[in-house]
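J.: Dropping in my_file.cif, with mmCIF, C-alpha atoms and all ligand atoms.
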```
data_entry
loop_
_atom_site.label_atom_id
_atom_site.label_comp_id
_atom_site.auth_asym_id
_atom_site.auth_seq_id
_atom_site.Cartn_x
_atom_site.Cartn_y
_atom_site.Cartn_z
CA MET A 15 0.00 0.00 0.00
CA PRO A 16 1.51 3.34 -0.97
CA GLY A 17 2.16 5.87 1.78
CA ALA A 18 1.51 9.60 1.95
CA ARG A 19 3.31 11.78 -0.56
CA ILE A 20 5.89 14.37 0.45
CA SER A 21 4.20 17.74 -0.03
CA SER A 22 6.92 20.12 1.17
CA VAL A 23 10.54 20.15 2.23
CA THR A 24 12.24 22.70 4.49
CA LEU A 25 15.98 23.05 5.05
CA SER A 26 17.24 25.08 8.00
CA PRO A 27 20.79 25.70 9.20
CA LEU A 28 21.25 25.11 12.92
CA TYR A 29 24.08 27.10 14.51
CA VAL A 30 24.97 26.47 18.17
CA PRO A 31 28.18 27.64 19.87
CA LEU A 32 30.11 25.02 21.83
CA LYS A 33 31.08 25.53 25.47
CA GLU A 34 34.70 25.26 24.33
CA PRO A 35 36.32 24.24 21.03
CA PHE A 36 36.22 20.50 20.25
CA VAL A 37 39.72 19.59 19.06
CA ILE A 38 40.85 16.45 17.24
CA SER A 39 44.07 15.70 15.36
CA LEU A 40 42.41 16.96 12.14
CA GLY A 41 41.66 20.41 13.63
CA PRO A 42 39.32 22.34 15.98
CA ILE A 43 35.56 23.03 15.78
CA ALA A 44 34.27 26.09 17.66
CA ALA A 45 30.59 26.00 16.77
CA VAL A 46 28.06 23.59 15.38
CA GLU A 47 26.93 24.26 11.79
CA ASN A 48 24.31 21.60 11.14
CA LEU A 49 21.46 21.33 8.67
CA VAL A 50 17.93 20.34 9.66
CA VAL A 51 15.52 18.75 7.16
CA GLN A 52 11.74 18.72 7.59
CA LEU A 53 9.66 16.56 5.26
CA VAL A 54 5.93 17.31 5.45
CA THR A 55 3.46 14.78 4.03
CA GLU A 56 0.10 15.41 2.38
CA ASP A 57 -1.61 13.97 5.49
CA GLY A 58 0.06 16.62 7.65
CA ARG A 59 2.90 14.74 9.37
CA THR A 60 6.46 16.09 9.69
CA GLY A 61 9.57 13.94 9.53
CA TRP A 62 12.70 15.44 11.08
CA GLY A 63 16.31 14.87 10.09
CA GLU A 64 19.66 16.48 10.87
CA CYS A 65 23.19 16.21 9.63
CA SER A 66 26.47 17.57 10.93
CA PRO A 67 28.89 17.89 8.00
CA TYR A 68 32.53 17.54 9.01
CA ARG A 69 34.81 19.19 6.47
CA THR A 70 37.95 17.18 7.19
CA ILE A 71 36.22 13.81 7.38
CA ASN A 72 33.40 13.67 4.85
CA GLY A 73 34.26 16.65 2.65
CA GLU A 74 30.97 18.42 3.29
CA SER A 75 30.08 21.76 4.87
CA ILE A 76 26.88 23.62 5.70
CA HIS A 77 27.19 25.25 2.25
CA THR A 78 27.50 21.99 0.28
CA CYS A 79 24.70 20.45 2.35
CA LEU A 80 22.39 23.35 1.56
CA ALA A 81 23.25 23.29 -2.16
CA VAL A 82 22.87 19.52 -2.56
CA GLY A 83 19.93 19.47 -0.13
CA LYS A 84 17.95 21.82 -2.40
CA GLU A 85 18.43 19.43 -5.32
CA ILE A 86 17.44 16.42 -3.21
CA ALA A 87 14.36 18.31 -1.98
CA GLN A 88 13.24 18.85 -5.56
CA LEU A 89 13.88 15.19 -6.33
CA LEU A 90 11.90 13.83 -3.36
CA LYS A 91 8.97 16.27 -3.36
CA GLY A 92 5.83 14.48 -4.56
CA ARG A 93 7.26 11.00 -3.94
CA ASP A 94 5.76 8.30 -1.74
CA SER A 95 7.27 8.96 1.70
CA SER A 96 7.09 5.26 2.66
CA ASP A 97 9.36 4.04 -0.15
CA ILE A 98 12.70 4.66 1.54
CA ALA A 99 14.69 2.34 -0.74
CA ASP A 100 13.44 4.28 -3.75
CA ALA A 101 14.40 7.61 -2.17
CA ILE A 102 17.89 6.34 -1.30
CA ALA A 103 18.39 5.09 -4.87
CA ALA A 104 17.18 8.44 -6.23
CA MET A 105 19.62 10.38 -4.01
CA ASP A 106 22.51 8.11 -5.04
CA GLY A 107 21.48 8.51 -8.67
CA LEU A 108 21.57 12.28 -8.31
CA ILE A 109 25.05 12.58 -6.81
CA TYR A 110 27.87 10.40 -5.47
CA GLY A 111 29.01 10.76 -1.85
CA ASN A 112 27.51 13.64 0.16
CA SER A 113 26.69 11.16 2.92
CA SER A 114 25.91 13.87 5.50
CA ILE A 115 23.11 15.59 3.66
CA LYS A 116 21.73 12.27 2.45
CA SER A 117 21.63 11.07 6.07
CA ALA A 118 19.42 14.00 7.09
CA PHE A 119 16.83 13.10 4.42
CA ASP A 120 17.09 9.39 5.28
CA MET A 121 16.47 10.20 8.96
CA ALA A 122 13.38 12.29 8.15
CA LEU A 123 12.01 9.48 5.93
CA PHE A 124 12.49 6.91 8.72
CA ASP A 125 10.83 9.30 11.18
CA LEU A 126 7.78 9.46 8.88
CA ALA A 127 7.72 5.70 8.28
CA ALA A 128 7.92 4.86 11.99
CA GLN A 129 5.22 7.46 12.75
CA ALA A 130 3.00 5.87 10.08
CA ALA A 131 3.59 2.46 11.69
CA GLY A 132 2.76 3.91 15.13
CA GLN A 133 6.07 2.60 16.49
CA PRO A 134 9.09 4.22 18.10
CA LEU A 135 11.91 4.20 15.55
CA PHE A 136 13.98 1.52 17.34
CA ALA A 137 11.00 -0.90 17.18
CA PHE A 138 10.35 0.00 13.52
CA LEU A 139 14.01 -0.93 12.86
CA GLY A 140 13.47 -4.33 14.51
CA GLY A 141 15.06 -3.43 17.83
CA LYS A 142 13.93 -3.54 21.44
CA LYS A 143 14.98 -2.02 24.72
CA ASP A 144 16.92 -5.04 25.90
CA LYS A 145 20.22 -3.35 26.69
CA ARG A 146 21.48 -0.32 28.54
CA LEU A 147 22.96 2.42 26.36
CA GLN A 148 25.73 4.37 28.06
CA THR A 149 27.70 7.07 26.30
CA ASP A 150 31.34 7.84 26.78
CA MET A 151 32.55 11.45 27.16
CA THR A 152 35.35 12.80 25.01
CA VAL A 153 38.47 14.72 26.03
CA SER A 154 39.72 17.04 23.26
CA ILE A 155 43.38 16.83 22.26
CA GLY A 156 45.51 19.50 23.97
CA GLU A 157 48.00 20.01 26.77
CA PRO A 158 48.30 17.02 29.13
CA ALA A 159 47.33 19.00 32.26
CA LYS A 160 44.17 20.37 30.64
CA MET A 161 43.27 16.92 29.30
CA ALA A 162 43.76 15.36 32.73
CA ALA A 163 41.57 18.05 34.32
CA ASP A 164 38.82 17.40 31.76
CA ALA A 165 39.05 13.63 32.26
CA GLU A 166 38.84 14.06 36.04
CA ARG A 167 35.73 16.23 35.67
CA PHE A 168 34.02 13.65 33.42
CA LEU A 169 34.88 10.97 35.96
CA ARG A 170 33.31 13.09 38.73
CA GLU A 171 30.25 13.60 36.54
CA GLY A 172 29.83 9.81 36.47
CA PHE A 173 30.69 8.88 32.89
CA PRO A 174 31.63 5.19 32.82
CA PHE A 175 33.95 5.48 29.81
CA ILE A 176 36.30 8.29 28.86
CA LYS A 177 37.35 8.75 25.25
CA VAL A 178 40.60 10.59 24.60
CA LYS A 179 41.55 12.31 21.37
CA LEU A 180 45.14 11.62 20.38
CA GLY A 181 47.04 11.32 17.10
CA GLN A 182 50.29 13.26 17.38
CA GLU A 183 53.92 12.35 18.20
CA LEU A 184 54.47 9.34 20.47
CA GLU A 185 56.03 11.32 23.34
CA ARG A 186 53.23 13.89 23.38
CA ASP A 187 50.46 11.27 23.22
CA LEU A 188 52.18 9.23 25.90
CA ALA A 189 52.42 12.30 28.17
CA ARG A 190 48.70 12.91 27.67
CA ILE A 191 47.65 9.38 28.65
CA ARG A 192 50.12 9.33 31.56
CA ALA A 193 48.65 12.60 32.90
CA ILE A 194 45.10 11.27 32.52
CA ARG A 195 45.93 7.99 34.27
CA GLU A 196 47.26 9.93 37.25
CA VAL A 197 43.68 11.09 37.92
CA VAL A 198 41.58 8.33 36.31
CA PRO A 199 41.93 4.93 38.04
CA MET A 200 42.72 1.85 35.96
CA ASN A 201 39.24 0.36 36.50
CA ILE A 202 37.72 3.13 34.33
CA PRO A 203 38.27 2.18 30.68
CA LEU A 204 39.94 4.73 28.43
CA ARG A 205 39.13 4.69 24.73
CA ILE A 206 41.42 6.51 22.36
CA ASP A 207 40.95 8.01 18.90
CA ALA A 208 43.91 8.99 16.71
CA ASN A 209 41.72 10.31 13.86
CA GLN A 210 44.30 8.99 11.33
CA GLY A 211 47.10 10.93 13.04
CA TRP A 212 49.84 8.32 13.50
CA GLN A 213 50.98 8.70 9.91
CA ASN A 214 51.89 5.11 8.97
CA PRO A 215 51.50 1.53 10.20
CA ASP A 216 54.95 1.20 11.78
CA ASN A 217 54.59 4.38 13.77
CA ALA A 218 51.05 3.50 14.82
CA ILE A 219 52.18 0.06 16.05
CA ARG A 220 54.95 1.73 18.05
CA VAL A 221 52.55 4.20 19.69
CA LEU A 222 49.89 1.55 20.38
CA ASN A 223 52.44 -0.69 22.11
CA ALA A 224 53.66 2.22 24.22
CA LEU A 225 50.09 3.11 25.27
CA ALA A 226 48.93 -0.46 25.97
CA PRO A 227 50.01 -0.60 29.68
CA PHE A 228 47.62 2.28 30.45
CA GLY A 229 44.44 0.20 30.22
CA ILE A 230 43.10 1.20 26.81
CA GLU A 231 39.83 -0.46 25.78
CA HIS A 232 40.11 0.23 22.05
CA CYS A 233 41.59 2.69 19.55
CA GLU A 234 39.79 4.35 16.64
CA GLU A 235 41.41 5.00 13.25
CA PRO A 236 45.17 4.87 14.01
CA ILE A 237 46.45 5.46 10.46
CA PRO A 238 45.40 7.60 7.46
CA ARG A 239 42.16 6.26 5.98
CA TRP A 240 43.73 5.56 2.56
CA GLN A 241 46.17 3.11 4.20
CA PHE A 242 43.32 0.66 4.93
CA LEU A 243 45.27 -2.14 3.22
CA ASP A 244 47.72 -1.96 6.15
CA LEU A 245 45.09 -1.93 8.89
CA ALA A 246 45.15 -5.74 9.29
CA ARG A 247 48.86 -5.58 10.13
CA VAL A 248 48.29 -2.78 12.63
CA SER A 249 45.49 -4.83 14.23
CA ALA A 250 47.69 -7.95 14.39
CA GLU A 251 50.59 -6.11 16.01
CA SER A 252 48.60 -3.85 18.31
CA PRO A 253 47.86 -5.03 21.87
CA ILE A 254 44.91 -2.58 21.79
CA PRO A 255 41.87 -3.60 19.68
CA ILE A 256 41.46 -1.40 16.61
CA MET A 257 38.17 0.19 15.55
CA ALA A 258 37.68 1.46 11.99
CA ASP A 259 36.04 4.88 11.81
CA GLU A 260 36.95 7.24 8.94
CA CYS A 261 37.82 4.32 6.61
CA CYS A 262 34.45 2.64 7.29
CA GLY A 263 31.73 4.69 5.61
CA ASP A 264 28.96 2.75 3.91
CA GLU A 265 28.26 -0.98 3.56
CA HIS A 266 30.77 -1.32 0.70
CA ASP A 267 33.58 -0.01 2.92
CA ALA A 268 32.46 -2.36 5.67
CA GLU A 269 32.53 -5.35 3.34
CA ARG A 270 36.01 -4.41 2.11
CA LEU A 271 37.34 -4.16 5.68
CA ILE A 272 35.74 -7.48 6.60
CA ARG A 273 37.30 -9.22 3.59
CA LEU A 274 40.69 -7.72 4.50
CA LYS A 275 40.22 -8.85 8.14
CA ALA A 276 41.28 -5.28 8.83
CA CYS A 277 40.10 -4.91 12.44
CA PRO A 278 37.71 -6.37 15.04
CA MET A 279 35.58 -3.23 15.58
CA PHE A 280 33.65 -0.66 13.50
CA ASN A 281 32.31 2.77 14.45
CA ILE A 282 29.02 3.43 12.62
CA LYS A 283 27.92 7.03 12.07
CA LEU A 284 24.86 8.08 10.10
CA GLY A 285 26.84 10.94 8.55
CA LYS A 286 29.27 8.39 7.08
CA THR A 287 26.81 5.70 5.96
CA GLY A 288 24.38 8.22 4.43
CA GLY A 289 21.70 7.40 7.00
CA LEU A 290 19.90 4.56 8.77
CA TYR A 291 19.14 2.51 5.64
CA LYS A 292 22.82 1.85 4.97
CA ALA A 293 23.82 1.91 8.66
CA LEU A 294 21.59 -1.13 9.16
CA LYS A 295 23.44 -2.85 6.31
CA VAL A 296 26.80 -2.07 7.91
CA ALA A 297 25.52 -3.39 11.24
CA THR A 298 24.20 -6.60 9.65
CA LEU A 299 27.44 -7.23 7.75
CA GLY A 300 29.53 -6.44 10.83
CA ALA A 301 27.45 -8.64 13.13
CA ALA A 302 27.66 -11.58 10.71
CA ALA A 303 31.45 -11.22 10.60
CA GLY A 304 31.79 -11.07 14.39
CA ILE A 305 32.72 -7.38 14.39
CA GLU A 306 32.00 -5.51 17.62
CA LEU A 307 30.11 -2.31 16.82
CA GLN A 308 29.97 1.22 18.16
CA VAL A 309 27.50 3.91 17.11
CA GLY A 310 28.80 7.45 17.20
CA GLY A 311 28.27 10.75 15.47
CA PHE A 312 29.82 14.04 14.43
CA MET A 313 28.54 17.23 16.09
CA GLU A 314 24.83 16.40 15.93
CA SER A 315 22.34 17.89 18.38
CA ARG A 316 20.08 15.59 20.39
CA LEU A 317 17.95 15.25 17.21
CA GLY A 318 20.61 13.42 15.20
CA MET A 319 21.87 11.60 18.29
CA THR A 320 18.34 10.37 18.96
CA ALA A 321 18.37 8.65 15.57
CA ALA A 322 21.77 7.16 16.43
CA ALA A 323 20.40 5.88 19.76
CA HIS A 324 17.41 4.24 18.04
CA LEU A 325 19.92 2.54 15.71
CA ALA A 326 21.97 1.35 18.68
CA LEU A 327 18.91 -0.61 19.91
CA ALA A 328 18.40 -2.22 16.50
CA ASN A 329 21.34 -4.63 16.42
CA ASP A 330 22.73 -6.88 19.17
CA ALA A 331 26.32 -6.45 17.94
CA ILE A 332 26.23 -2.74 18.87
CA HIS A 333 27.87 -2.50 22.28
CA HIS A 334 29.42 0.98 22.45
CA CYS A 335 27.87 4.44 22.23
CA ASP A 336 29.57 7.77 21.57
CA PHE A 337 26.70 10.23 21.91
CA ASP A 338 28.39 12.99 23.89
CA THR A 339 28.46 15.95 21.50
CA PRO A 340 25.06 17.43 22.49
CA LEU A 341 26.52 17.79 26.00
CA MET A 342 29.14 20.16 24.56
CA PHE A 343 26.50 22.64 23.26
CA THR A 344 25.95 25.98 25.05
CA GLU A 345 22.20 25.59 24.48
CA ASP A 346 19.87 22.71 23.67
CA PRO A 347 17.73 23.42 20.58
CA ILE A 348 15.74 20.16 20.72
CA ASP A 349 12.30 19.17 22.07
CA GLY A 350 11.87 15.51 23.01
CA GLY A 351 14.52 12.99 22.03
CA ILE A 352 17.07 11.12 24.10
CA THR A 353 17.82 12.19 27.63
CA TYR A 354 21.05 11.76 29.58
CA ALA A 355 20.72 10.13 33.00
CA ALA A 356 23.36 9.20 35.61
CA GLU A 357 26.42 7.21 34.52
CA GLY A 358 26.08 8.35 30.90
CA THR A 359 22.87 6.35 30.53
CA ILE A 360 20.80 7.24 27.47
CA GLU A 361 17.00 7.05 27.66
CA VAL A 362 15.37 6.60 24.24
CA PRO A 363 11.83 7.94 23.69
CA ASP A 364 8.90 5.56 23.15
CA THR A 365 6.82 8.01 21.10
CA PRO A 366 6.11 6.95 17.50
CA GLY A 367 8.87 7.90 15.07
CA LEU A 368 12.09 9.61 16.05
CA GLY A 369 10.42 11.39 18.98
CA ALA A 370 12.48 14.56 18.60
CA LYS A 371 12.17 17.90 16.81
CA VAL A 372 13.90 21.26 16.72
CA LYS A 373 12.38 24.11 18.77
CA ALA A 374 10.79 26.66 16.43
CA GLU A 375 12.94 29.58 17.64
CA TRP A 376 16.08 27.85 16.33
CA LEU A 377 14.77 27.61 12.77
CA LYS A 378 14.95 31.24 11.67
CA GLU A 379 16.63 31.16 8.27
CA SER A 380 14.89 28.49 6.26
CA TRP A 381 14.48 27.47 2.65
CA SER A 382 11.32 25.62 1.57
CA ILE A 383 9.68 24.15 -1.49
MG MG A 401 36.57 8.47 15.63
#
```
Can the structure from this file be put into structure tokens for me?
T.:
Amino acid sequence: MPGARISSVTLSPLYVPLKEPFVISLGPIAAVENLVVQLVTEDGRTGWGECSPYRTINGESIHTCLAVGKEIAQLLKGRDSSDIADAIAAMDGLIYGNSSIKSAFDMALFDLAAQAAGQPLFAFLGGKKDKRLQTDMTVSIGEPAKMAADAERFLREGFPFIKVKLGQELERDLARIRAIREVVPMNIPLRIDANQGWQNPDNAIRVLNALAPFGIEHCEEPIPRWQFLDLARVSAESPIPIMADECCGDEHDAERLIRLKACPMFNIKLGKTGGLYKALKVATLGAAAGIELQVGGFMESRLGMTAAAHLALANDAIHHCDFDTPLMFTEDPIDGGITYAAEGTIEVPDTPGLGAKVKAEWLKESWSI
């Protein structure tokens, strides 16, 4: 049975300053520049989506998202909102890549479909609330003393896992982890993320071996993404389990990494897969190959992170959550959605659909057709 047609599309930039710059080895981010998509159907429902383009990771910005988003809006207007596979194929037929902006449309389509089914999105995706979601909290890369102070604060705030941004010279990264371990006891797992910064496999193996005694749970993306052929060797020679992030975008990347036996863990982000439709494929492929999965994000608000949390409930192989960025915002522009409880616990809404929307006052400059 066909679903309601899409009668209008609205695109709105969402700008929110961060409490302090978020810094990774690829550079700093001072403010969030996201794009919000609203799909309205002929029967009067609104599907919400958001993306957070990350220039140095997926090659998109608020400007490219707006430009490509206008073309996608024209393509999807008038189509059956329930035929998500058809919409995904149409977007991929229009333009290669651009996974961020595509993910915002995908999210809004899934919101509409789950609303139409009268189910919360996680149930619509085949999931149930049979596990506890707990987010880590991330320490930006910087001076060791500042990083240790941040880690200590997150520990006091009750976060069960602390993620540390690294990816520079061995001595500097070692000093950072040493300083953090002086204030964070060994029973609290540290996760690290080099964001491709350790330059080559030999250097990465050297750094990973030096960091191993400090109780590191896993390490994201140790080497440049284009060196994925060498990731299996890094994994074999690293005492710390390796998680693919930047080199694992859509399901085709996932399949390639699985065939290469590149690493035991993947980090799934909607902004890399192009949305939930392909994220589910990555999760299915990963689960079948025995890959341990994390769901994370870029700088999404609680809207985008709510979609990520619904996804995290949809596959048993998803064990780790990295949903901390909304906690770095100076203000919260979202109504509904996930909430953050003690110990980094994430509560996912039971309302039909995504269960989150952007407060009207945050959607001033908009473009609609
Ligand atoms: Mg990462």
J.: 6 Å from ligand MG 401 (chain A) is the threshold here; counting all atoms listed in the file, which polymer residues fall inside it? Answer as an mmCIF file with C-alpha atoms, in the frame of the given file.
T.:
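Saved file selection.cif follows:
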```cif
data_model
loop_
_atom_site.group_PDB
_atom_site.id
_atom_site.type_symbol
_atom_site.label_atom_id
_atom_site.label_comp_id
_atom_site.auth_asym_id
_atom_site.auth_seq_id
_atom_site.Cartn_x
_atom_site.Cartn_y
_atom_site.Cartn_z
ATOM 1 C CA ASP A 207 40.950 8.010 18.900
ATOM 2 C CA ASN A 209 41.720 10.310 13.860
ATOM 3 C CA GLU A 234 39.790 4.350 16.640
ATOM 4 C CA ASP A 259 36.040 4.880 11.810
#
```
J.: With distances taken over all atoms listed in the file, which residue among A:Cys79, A:Ile194, A:Ile219, A:Ala99 lies nearest Asp244 in chain A?
T.: A:Ile219
J.: So, with only C-alpha atoms as the atoms that count, which of A:Leu40, A:Ile360, A:Leu126, A:Ala81 lies closest to Thr55 in chain A?
T.: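 Using only C-alpha atoms, Thr55 in chain A sits closest to A:Leu126.
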J.: Quick one: residues within 8 Å of Ser252 in chain A, only C-alpha atoms counted, chain neighbours fewer than 3 positions away excluded, as a list in words?
T.: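 Counting only the stated atoms, we get Ile219, Leu222, Asn223, Val248, Ser249, Pro255 and Ile256 of chain A.
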J.: For a quick check of understanding, using all atoms listed in the file, which of A:Gly300, A:Pro27, A:Gly172, A:Pro253 has the smallest distance to Glu379 in chain A?
T.: A:Pro27
J.: Between CA of Ala163 in chain A and CA of Val198 in chain A, what distance in Å does the model show, to one decimal?
T.: 9.9 Å
J.: Any chance you could work out the axis-aligned box around range 255-268 of chain A, listed atoms only, 5 Å on each side, giving centre and edge lengths in Å to one decimal, as JSON?
T.:
```
{"center_x": 35.1, "center_y": 1.8, "center_z": 10.2, "size_x": 23.6, "size_y": 20.8, "size_z": 29.0}
```
J.: Go through A:Pro278, A:Gly83, A:Pro42, A:Gly358 one by one, measure the shortest atom-to-atom distance of each to Glu64 in chain A using all atoms listed in the file, and give the residue with the smallest value.
T.: A:Gly83
J.: With 9 Å as the threshold, what does the neighbourhood of (48.1, 16.7, 30.6) contain in terms of residues, counting all atoms listed in the file? Coordinates are those of the file; answer as a ChimeraX atom specification.
T.: /A:156-163,189-194
J.: Would you mind exporting range 120-136 of chain A with N, CA and C atoms, as a PDB file, in the first residue's frame?
T.:
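part_21.pdb was written with the following content:
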```pdb
ATOM      1  N   ASP A 120      17.368  10.774   4.876  1.00  0.00           N
ATOM      2  CA  ASP A 120      17.089   9.390   5.282  1.00  0.00           C
ATOM      3  C   ASP A 120      16.441   9.364   6.670  1.00  0.00           C
ATOM      4  N   MET A 121      16.987  10.153   7.586  1.00  0.00           N
ATOM      5  CA  MET A 121      16.474  10.205   8.965  1.00  0.00           C
ATOM      6  C   MET A 121      15.019  10.688   8.982  1.00  0.00           C
ATOM      7  N   ALA A 122      14.742  11.736   8.196  1.00  0.00           N
ATOM      8  CA  ALA A 122      13.382  12.288   8.154  1.00  0.00           C
ATOM      9  C   ALA A 122      12.411  11.265   7.543  1.00  0.00           C
ATOM     10  N   LEU A 123      12.862  10.518   6.543  1.00  0.00           N
ATOM     11  CA  LEU A 123      12.012   9.481   5.934  1.00  0.00           C
ATOM     12  C   LEU A 123      11.707   8.366   6.934  1.00  0.00           C
ATOM     13  N   PHE A 124      12.722   7.951   7.703  1.00  0.00           N
ATOM     14  CA  PHE A 124      12.494   6.910   8.719  1.00  0.00           C
ATOM     15  C   PHE A 124      11.580   7.425   9.835  1.00  0.00           C
ATOM     16  N   ASP A 125      11.719   8.715  10.176  1.00  0.00           N
ATOM     17  CA  ASP A 125      10.826   9.300  11.181  1.00  0.00           C
ATOM     18  C   ASP A 125       9.377   9.176  10.702  1.00  0.00           C
ATOM     19  N   LEU A 126       9.136   9.558   9.446  1.00  0.00           N
ATOM     20  CA  LEU A 126       7.779   9.463   8.881  1.00  0.00           C
ATOM     21  C   LEU A 126       7.284   8.022   8.846  1.00  0.00           C
ATOM     22  N   ALA A 127       8.142   7.102   8.425  1.00  0.00           N
ATOM     23  CA  ALA A 127       7.723   5.701   8.284  1.00  0.00           C
ATOM     24  C   ALA A 127       7.385   5.095   9.642  1.00  0.00           C
ATOM     25  N   ALA A 128       8.183   5.399  10.654  1.00  0.00           N
ATOM     26  CA  ALA A 128       7.918   4.857  11.993  1.00  0.00           C
ATOM     27  C   ALA A 128       6.665   5.500  12.588  1.00  0.00           C
ATOM     28  N   GLN A 129       6.475   6.802  12.312  1.00  0.00           N
ATOM     29  CA  GLN A 129       5.222   7.458  12.749  1.00  0.00           C
ATOM     30  C   GLN A 129       4.021   6.771  12.113  1.00  0.00           C
ATOM     31  N   ALA A 130       4.120   6.498  10.803  1.00  0.00           N
ATOM     32  CA  ALA A 130       2.998   5.866  10.083  1.00  0.00           C
ATOM     33  C   ALA A 130       2.709   4.482  10.650  1.00  0.00           C
ATOM     34  N   ALA A 131       3.764   3.793  11.106  1.00  0.00           N
ATOM     35  CA  ALA A 131       3.591   2.460  11.686  1.00  0.00           C
ATOM     36  C   ALA A 131       3.146   2.531  13.144  1.00  0.00           C
ATOM     37  N   GLY A 132       3.145   3.734  13.728  1.00  0.00           N
ATOM     38  CA  GLY A 132       2.762   3.911  15.133  1.00  0.00           C
ATOM     39  C   GLY A 132       3.773   3.323  16.101  1.00  0.00           C
ATOM     40  N   GLN A 133       5.034   3.223  15.651  1.00  0.00           N
ATOM     41  CA  GLN A 133       6.068   2.603  16.492  1.00  0.00           C
ATOM     42  C   GLN A 133       7.210   3.589  16.762  1.00  0.00           C
ATOM     43  N   PRO A 134       7.844   3.470  17.935  1.00  0.00           N
ATOM     44  CA  PRO A 134       9.094   4.215  18.098  1.00  0.00           C
ATOM     45  C   PRO A 134      10.110   3.694  17.068  1.00  0.00           C
ATOM     46  N   LEU A 135      11.011   4.559  16.658  1.00  0.00           N
ATOM     47  CA  LEU A 135      11.905   4.198  15.553  1.00  0.00           C
ATOM     48  C   LEU A 135      12.693   2.913  15.824  1.00  0.00           C
ATOM     49  N   PHE A 136      13.169   2.727  17.068  1.00  0.00           N
ATOM     50  CA  PHE A 136      13.977   1.518  17.338  1.00  0.00           C
ATOM     51  C   PHE A 136      13.155   0.253  17.072  1.00  0.00           C
TER      52      PHE A 136
END
```
